[in-house]
>>> print(open('run.txt').read())   # compact mmCIF, C-alpha atoms
# COMPACT_ATOMS: atom_id res chain seq x y z
CA MET Q 59 15.40 -14.78 -14.20
CA SER Q 60 13.90 -15.92 -10.90
CA HIS Q 61 10.23 -16.69 -10.41
CA LEU Q 62 8.24 -14.16 -8.37
CA ALA Q 63 4.71 -14.78 -7.20
CA LEU Q 64 2.43 -11.90 -6.28
CA PRO Q 65 -0.56 -13.12 -4.29
CA ILE Q 66 -3.23 -10.45 -4.28
CA ARG Q 67 -6.36 -10.30 -2.14
CA THR Q 68 -9.02 -7.72 -1.52
CA ARG Q 69 -8.91 -5.79 1.75
CA GLY Q 70 -11.35 -3.73 3.78
CA SER Q 71 -14.52 -5.24 5.18
CA SER Q 72 -16.65 -2.10 4.86
CA THR Q 73 -15.55 -1.44 1.26
CA GLN Q 74 -16.13 -4.91 -0.23
CA GLY Q 75 -19.33 -3.72 -1.92
CA PHE Q 76 -17.65 -0.82 -3.72
CA PRO Q 77 -16.98 -1.23 -7.45
CA LYS Q 78 -13.33 -0.22 -6.98
CA LYS Q 79 -11.61 -2.67 -4.61
CA SER Q 80 -8.52 -2.16 -2.43
CA TYR Q 81 -5.90 -4.91 -2.53
CA ARG Q 82 -3.15 -6.30 -0.34
CA LEU Q 83 -0.06 -7.60 -2.17
CA GLU Q 84 2.73 -9.83 -0.95
CA PHE Q 85 5.82 -10.50 -3.03
CA GLN Q 86 6.88 -14.16 -2.69
CA ASP Q 87 9.52 -16.45 -4.16
CA GLU Q 88 8.75 -19.82 -5.78
CA LYS Q 89 8.60 -21.46 -2.31
CA GLY Q 90 5.97 -19.02 -1.06
CA GLU Q 91 8.42 -17.22 1.21
CA ASP Q 92 8.38 -13.43 1.52
CA LYS Q 93 10.50 -11.76 -1.16
CA VAL Q 94 11.65 -8.25 -0.32
CA LYS Q 95 11.36 -5.79 -3.24
CA LYS Q 96 11.74 -2.03 -3.77
CA PRO Q 97 8.83 -1.17 -6.09
CA LEU Q 98 8.31 2.37 -7.39
CA GLY Q 99 11.32 3.73 -5.49
CA MET Q 100 9.83 2.70 -2.15
CA PRO Q 101 11.82 1.08 0.70
CA SER Q 102 12.54 -2.65 0.71
CA GLU Q 103 9.52 -4.64 1.86
CA SER Q 104 7.43 -7.65 0.87
CA ASP Q 105 3.92 -6.49 1.87
CA TRP Q 106 2.11 -3.64 0.10
CA ILE Q 107 -1.34 -2.12 -0.28
CA LEU Q 108 -3.15 -0.80 -3.33
CA SER Q 109 -5.66 1.57 -1.76
CA ALA Q 110 -8.68 2.44 -3.88
CA ARG Q 111 -9.93 5.38 -1.77
CA TYR Q 112 -13.22 4.97 -3.60
CA GLU Q 113 -15.82 6.79 -1.49
CA GLU Q 114 -13.90 8.72 1.13
CA ASP Q 115 -11.28 10.45 -1.06
CA ARG Q 116 -12.12 10.42 -4.75
CA ALA Q 117 -9.55 13.15 -5.48
CA LEU Q 118 -6.83 10.86 -4.04
CA VAL Q 119 -5.10 13.67 -2.17
CA ARG Q 120 -6.42 13.77 1.39
CA ASN Q 121 -4.57 10.78 2.83
CA GLU Q 122 -1.34 11.37 0.92
CA PHE Q 123 -1.30 15.01 2.06
CA THR Q 124 -1.90 13.99 5.68
CA TYR Q 125 0.78 11.28 5.53
CA GLN Q 126 3.29 13.78 4.17
CA LEU Q 127 2.46 16.33 6.89
CA SER Q 128 3.00 13.63 9.48
CA ARG Q 129 6.40 12.71 8.04
CA ASP Q 130 7.35 16.41 7.84
CA ILE Q 131 6.92 16.78 11.60
CA GLY Q 132 8.90 13.61 12.32
CA ARG Q 133 6.09 11.12 12.85
CA TYR Q 134 5.76 7.79 11.10
CA ALA Q 135 3.30 7.62 8.22
CA ALA Q 136 3.07 5.19 5.35
CA ARG Q 137 4.90 6.24 2.21
CA THR Q 138 2.74 6.30 -0.91
CA ARG Q 139 2.98 6.53 -4.69
CA TYR Q 140 0.21 6.91 -7.22
CA CYS Q 141 -0.09 4.20 -9.86
CA GLU Q 142 -2.50 2.99 -12.49
CA VAL Q 143 -3.72 -0.55 -11.94
CA TYR Q 144 -4.71 -3.25 -14.39
CA VAL Q 145 -6.14 -6.50 -13.04
CA ASN Q 146 -5.98 -9.36 -15.50
CA ARG Q 147 -8.46 -11.99 -14.38
CA GLY Q 148 -7.89 -14.24 -17.39
CA ASP Q 149 -5.06 -16.09 -19.07
CA GLY Q 150 -4.52 -13.68 -21.94
CA PRO Q 151 -2.35 -10.59 -22.17
CA VAL Q 152 -3.19 -7.44 -20.20
CA SER Q 153 -5.40 -5.08 -22.18
CA VAL Q 154 -7.22 -1.79 -21.70
CA ASP Q 155 -10.24 -3.84 -20.61
CA ASP Q 156 -8.28 -4.84 -17.47
CA TYR Q 157 -7.86 -1.20 -16.33
CA VAL Q 158 -9.35 -0.57 -12.87
CA GLY Q 159 -8.10 2.95 -12.13
CA VAL Q 160 -5.63 5.11 -10.24
CA TYR Q 161 -4.61 3.76 -6.85
CA SER Q 162 -2.46 4.78 -3.94
CA PHE Q 163 0.36 2.23 -3.66
CA MET Q 164 1.48 2.24 -0.04
CA GLU Q 165 3.44 0.48 2.65
CA ALA Q 166 1.51 -2.07 4.66
CA ARG Q 167 1.44 -1.01 8.31
CA ARG Q 168 3.82 -2.98 10.49
CA ARG Q 169 3.67 -3.28 14.23
CA SER Q 170 7.29 -2.56 15.02
CA HIS Q 171 9.06 -0.12 17.26
CA ARG Q 172 10.28 1.98 14.35
CA HIS Q 173 6.77 2.48 12.94
CA ARG Q 174 4.71 3.11 16.04
CA GLY Q 175 5.02 6.85 15.68
CA THR Q 176 5.11 7.30 19.41
CA HIS Q 177 7.57 9.67 20.94
CA ARG Q 178 8.12 9.96 24.65
CA ARG Q 179 7.58 13.35 26.10
CA PRO Q 180 10.32 14.62 28.35
CA GLU Q 181 9.52 14.20 32.00
CA ARG Q 182 8.36 17.34 33.78
CA ARG Q 183 10.49 18.54 36.60
CA SER Q 184 8.78 20.29 39.44
>>> encode(input="run.txt", output="structure tokens")
Amino acid sequence: MSHLALPIRTRGSSTQGFPKKSYRLEFQDEKGEDKVKKPLGMPSESDWILSARYEEDRALVRNEFTYQLSRDIGRYAARTRYCEVYVNRGDGPVSVDDYVGVYSFMEARRRSHRHRGTHRRPERRS
């Protein structure tokens, strides 16, 4: 079995004071290099987000619904999956005390041509 590190850090400057934090994850190998994984049936990638949606979407449906609508009309939108998150801040085994809630697990936005979501309009002919 190979070693896999999972550095995790909080994200979102305006949400740092909320009790439920959002996190950015990056799968890495033992050398600290990006390690591409396919978690939860998602596409291969190394960078992921656990979005808390604490204040703005407590029902956890608004963003996922909008992302799906965007994909349905052919535009890029992050793919998401719901998951329950436990954050173990100690050395012992994970327990129910480490439970932090339901999160939206999602692709981290990349700045690449395939994810820009921009489509050229056909030129008008006069």
>>> atom_distance(input="run.txt", atom1="atom CA of Arg116 of chain Q", atom2="atom CA of Thr138 of chain Q")
15.9 Å
>>> axis_aligned_box(input="run.txt", around="segment 127-136 of chain Q", padding_each_side="4 Å", output="JSON")
{"center_x": 5.7, "center_y": 11.0, "center_z": 9.1, "size_x": 14.4, "size_y": 19.6, "size_z": 15.5}
>>> closest_residue(input="run.txt", among="Q:Val160, Q:Ala135, Q:Ala166, Q:Ala117", to="Arg82 of chain Q", atoms="only C-alpha atoms")
Q:Ala166
>>> closest_residue(input="run.txt", among="Q:Val152, Q:Arg139, Q:Pro65, Q:Val145", to="Glu88 of chain Q", atoms="all atoms listed in the file")
Q:Pro65
>>> atom_distance(input="run.txt", atom1="atom CA of Phe163 of chain Q", atom2="atom CA of Val143 of chain Q")
9.6 Å
>>> closest_residue(input="run.txt", among="Q:Glu114, Q:Ser109, Q:Ser153, Q:Ser128", to="Cys141 of chain Q", atoms="only C-alpha atoms")
Q:Ser109
